[in-house]
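Each remark here refers to the structure printed beneath this line.
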Amino acid sequence: MEKEFDYDTHMIEPEEEEFFDTSEKILKLSDALAEEIILENISEQLENDVQPLHQGINYVSLFKEKYSEIDPSDDFYDKDYMMQSLTNLCTLVENGIKEKFGVEIGEGIDFALPSTHLKDMETLYEFLVIRHFENLKDYYIFKLKKDRAQFVQKYSKLIQEDEHAKDLFVIQAKKKFKNEDDVVILHFINEIIEDITDETISAYLLFDTIVNIDLFEEYNNRMYELLQDYGNKIVLNEDQYSAELYLKPLKDPAIKNELRNAIIVNYLESCELED
């Protein structure tokens, strides 16, 4: 009688054993990199609108951290897979920021050390995506303070007109604040925001202004270095269009209102009140 084949005792051929060993190793490596969840979250962040009250996690930083923790001595280490995983992440970020902001990378992963390229991706992602609303807030506050005299001069005559002079806010504010210029700024804050938006026609100058607000901050300093190496690290083929894309969230009334409130809160800190 022919013996029935016993699947439980079937010996795996050497080629099959090698295949399963490799597959298991790759799965372990992918898990160690948290590759799937990181790529999914990056895709989601790139697709989502700005969240004014929620800055979010930099998943490129998380990947960079996990990538650096893997040692060649680990039993699941695979040099080719590590490089492919890094390439996949960088490609996702590069394509995402190009579509979302019109910002392109001059020097791709094939022309830089993997660790250097990953650090650059982390910097761009942090600055452009994670700190998007924070950067806009800092920029508008800076521009308001820098050009305050110009705005006061522009709107001082308007506030004398009946439409504004008889406004209840203006009447009460004049009693509350020592400096009438502050009344002008606060009353016309919406118009001033529009003025700043209209004059922002260069993404390069926009980004450069933001990083120079605090060059001692790590990511601002790193972004500054990328901007200084323009053409190799960053390319803006349509500089004005990139500026429009970065300011685009302000077309949403809710986001614009959050920005307005943040500007007012900051401005009030420097206002003197009547005794």
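Identifiers for the structure tokens are assigned positionally: chains receive A, B, ... in sequence, residues are indexed from 1 per chain, and ligands are indexed from 1 in the order shown.
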
Report as JSON lines the residues of region 67-108 of chain A within 12 Å of region 219-226 of chain A, each with its shortest atom pair and distance in Å (one decimal), using only C-alpha atoms, ordered by chain and increasing residue number.
{"residue": "A:Glu104", "atom": "CA", "partner": "A:Leu226", "partner_atom": "CA", "distance": 11.9}
{"residue": "A:Ile105", "atom": "CA", "partner": "A:Leu226", "partner_atom": "CA", "distance": 10.2}
{"residue": "A:Gly106", "atom": "CA", "partner": "A:Leu226", "partner_atom": "CA", "distance": 10.5}
{"residue": "A:Glu107", "atom": "CA", "partner": "A:Leu226", "partner_atom": "CA", "distance": 10.9}

Non-local contacts of Val170 (chain A) (9 Å; only C-alpha atoms; under 6 positions in same chain excluded) as a short mmCIF file (atom, residue, chain, number, x, y, z; two decimals) with C-alpha atoms, in the first residue's frame:
data_model
loop_
_atom_site.label_atom_id
_atom_site.label_comp_id
_atom_site.auth_asym_id
_atom_site.auth_seq_id
_atom_site.Cartn_x
_atom_site.Cartn_y
_atom_site.Cartn_z
CA ILE A 159 -10.77 105.58 11.38
CA HIS A 164 -15.51 103.67 11.86
CA VAL A 183 -6.90 101.25 18.29
CA VAL A 184 -6.19 101.70 14.58
CA HIS A 187 -9.78 97.83 14.38
#

| task | Write out as a PyMOL selection string each polymer residue whose atoms come within 10 Å of Ala262 (chain A), counting only C-alpha atoms; drop sequence neighbours fewer than 2 positions from it. | result | chain A and resi 134+137-138+140-141+256-260+264-267

I need the residues from that last selection saved to file as a tab-separated table (two decimals), in the first residue's frame (with C-alpha atoms), if you can.
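Produced file again_33.tsv, reproduced below:
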chain	number	residue	atom	x	y	z
A	134	GLU	CA	2.94	78.17	13.38
A	137	LYS	CA	1.44	82.99	12.64
A	138	ASP	CA	5.07	83.98	13.27
A	140	TYR	CA	2.19	87.73	10.15
A	141	ILE	CA	3.08	88.83	13.68
A	256	LYS	CA	-7.92	82.73	9.00
A	257	ASN	CA	-9.92	83.47	12.15
A	258	GLU	CA	-7.49	81.39	14.23
A	259	LEU	CA	-4.61	83.37	12.75
A	260	ARG	CA	-6.38	86.66	13.46
A	264	ILE	CA	-4.43	89.96	18.36
A	265	VAL	CA	-3.42	88.04	21.49
A	266	ASN	CA	0.24	88.64	20.69
A	267	TYR	CA	-0.29	92.31	19.86

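Atom to atom, CA of Val50 (chain A) and CA of Glu269 (chain A) stand 25.9 Å apart.
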
| task | Could you check which of A:Asp167, A:Glu244, A:Asp181, A:Glu218 is closest to Lys100 (chain A), using only C-alpha atoms? | result |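 Checking each candidate against Lys100 (chain A), we get A:Glu244 as the closest.
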
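Interatomic distance, CA of Leu89 (chain A) to CA of Leu39 (chain A): 6.7 Å.
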
| request: Find the spatial neighbours of Lys98 (chain A), counting only C-alpha atoms, within a cut-off of 12 Å - ignore same-chain residues fewer than 2 positions away - and output them as a list in words. | output: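 Near Lys98 (chain A), the qualifying residues are Leu46, Thr91, Leu92, Val93, Glu94, Asn95, Gly96, Lys100, Phe101, Gly102, Val103, Glu104, Ile105, Gly106, Leu124, Tyr125, Leu128, Val129, Ile234, Val235, Leu236, Asn237, Glu238, Tyr241, Ser242, Leu245 and Tyr246 of chain A.
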
So that I have them on file, write out the residues from the current selection with C-alpha atoms, as a PDB file, in the first residue's frame.
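See result.pdb below for the written result:
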ATOM      1  CA  LEU A  46       0.296  65.701   3.286  1.00  0.00           C
ATOM      2  CA  THR A  91      10.225  59.866  -2.600  1.00  0.00           C
ATOM      3  CA  LEU A  92       6.879  60.149  -0.823  1.00  0.00           C
ATOM      4  CA  VAL A  93       7.972  63.344   0.953  1.00  0.00           C
ATOM      5  CA  GLU A  94       9.563  64.846  -2.168  1.00  0.00           C
ATOM      6  CA  ASN A  95       6.473  64.230  -4.301  1.00  0.00           C
ATOM      7  CA  GLY A  96       4.191  65.452  -1.520  1.00  0.00           C
ATOM      8  CA  LYS A 100       1.446  70.765  -1.971  1.00  0.00           C
ATOM      9  CA  PHE A 101       3.886  73.685  -2.016  1.00  0.00           C
ATOM     10  CA  GLY A 102       5.632  73.677  -5.382  1.00  0.00           C
ATOM     11  CA  VAL A 103       8.936  73.096  -3.580  1.00  0.00           C
ATOM     12  CA  GLU A 104      11.341  70.756  -5.346  1.00  0.00           C
ATOM     13  CA  ILE A 105      14.571  69.076  -4.307  1.00  0.00           C
ATOM     14  CA  GLY A 106      17.602  70.013  -6.363  1.00  0.00           C
ATOM     15  CA  LEU A 124      11.755  70.359   4.959  1.00  0.00           C
ATOM     16  CA  TYR A 125       8.905  68.266   6.336  1.00  0.00           C
ATOM     17  CA  LEU A 128       6.726  73.120   5.485  1.00  0.00           C
ATOM     18  CA  VAL A 129       4.195  70.632   6.853  1.00  0.00           C
ATOM     19  CA  ILE A 234      15.682  73.596  -2.687  1.00  0.00           C
ATOM     20  CA  VAL A 235      14.275  74.752  -6.006  1.00  0.00           C
ATOM     21  CA  LEU A 236      11.246  77.018  -6.524  1.00  0.00           C
ATOM     22  CA  ASN A 237      10.363  76.900 -10.199  1.00  0.00           C
ATOM     23  CA  GLU A 238       7.380  79.209  -9.638  1.00  0.00           C
ATOM     24  CA  TYR A 241       2.931  80.325  -6.971  1.00  0.00           C
ATOM     25  CA  SER A 242       4.729  78.548  -4.113  1.00  0.00           C
ATOM     26  CA  LEU A 245       0.283  77.662  -2.014  1.00  0.00           C
ATOM     27  CA  TYR A 246       1.850  78.226   1.409  1.00  0.00           C
TER      28      TYR A 246
END

| Atomic distance CA of Glu99 (chain A) - CA of Ile37 (chain A), expressed in Å with one decimal |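 Distance reported for this atom pair: 21.7 Å.
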
| request: Determine the nearest neighbour of Cys271 (chain A) from the options A:Leu62, A:Ile109, A:Ala173, A:Ile97, counting only C-alpha atoms. | output: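 Checking each of A:Leu62, A:Ile109, A:Ala173, A:Ile97 against Cys271 (chain A), counting only C-alpha atoms, the winner is A:Ala173.
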
| Of the listed residues A:Phe207, A:Tyr230, A:Phe151, A:Phe76, that which approaches Tyr139 (chain A) most closely, counting only C-alpha atoms | A:Phe207

| said: Among region 68-203 of chain A, which ones does DSSP assign to helix (DSSP H, G or I) (computed from the backbone)? Answer as a PyMOL selection string. | reply: chain A and resi 68-69+79-101+109-111+114-130+132-146+148-156+158-160+162-165+168-176+180-187+189-199+203
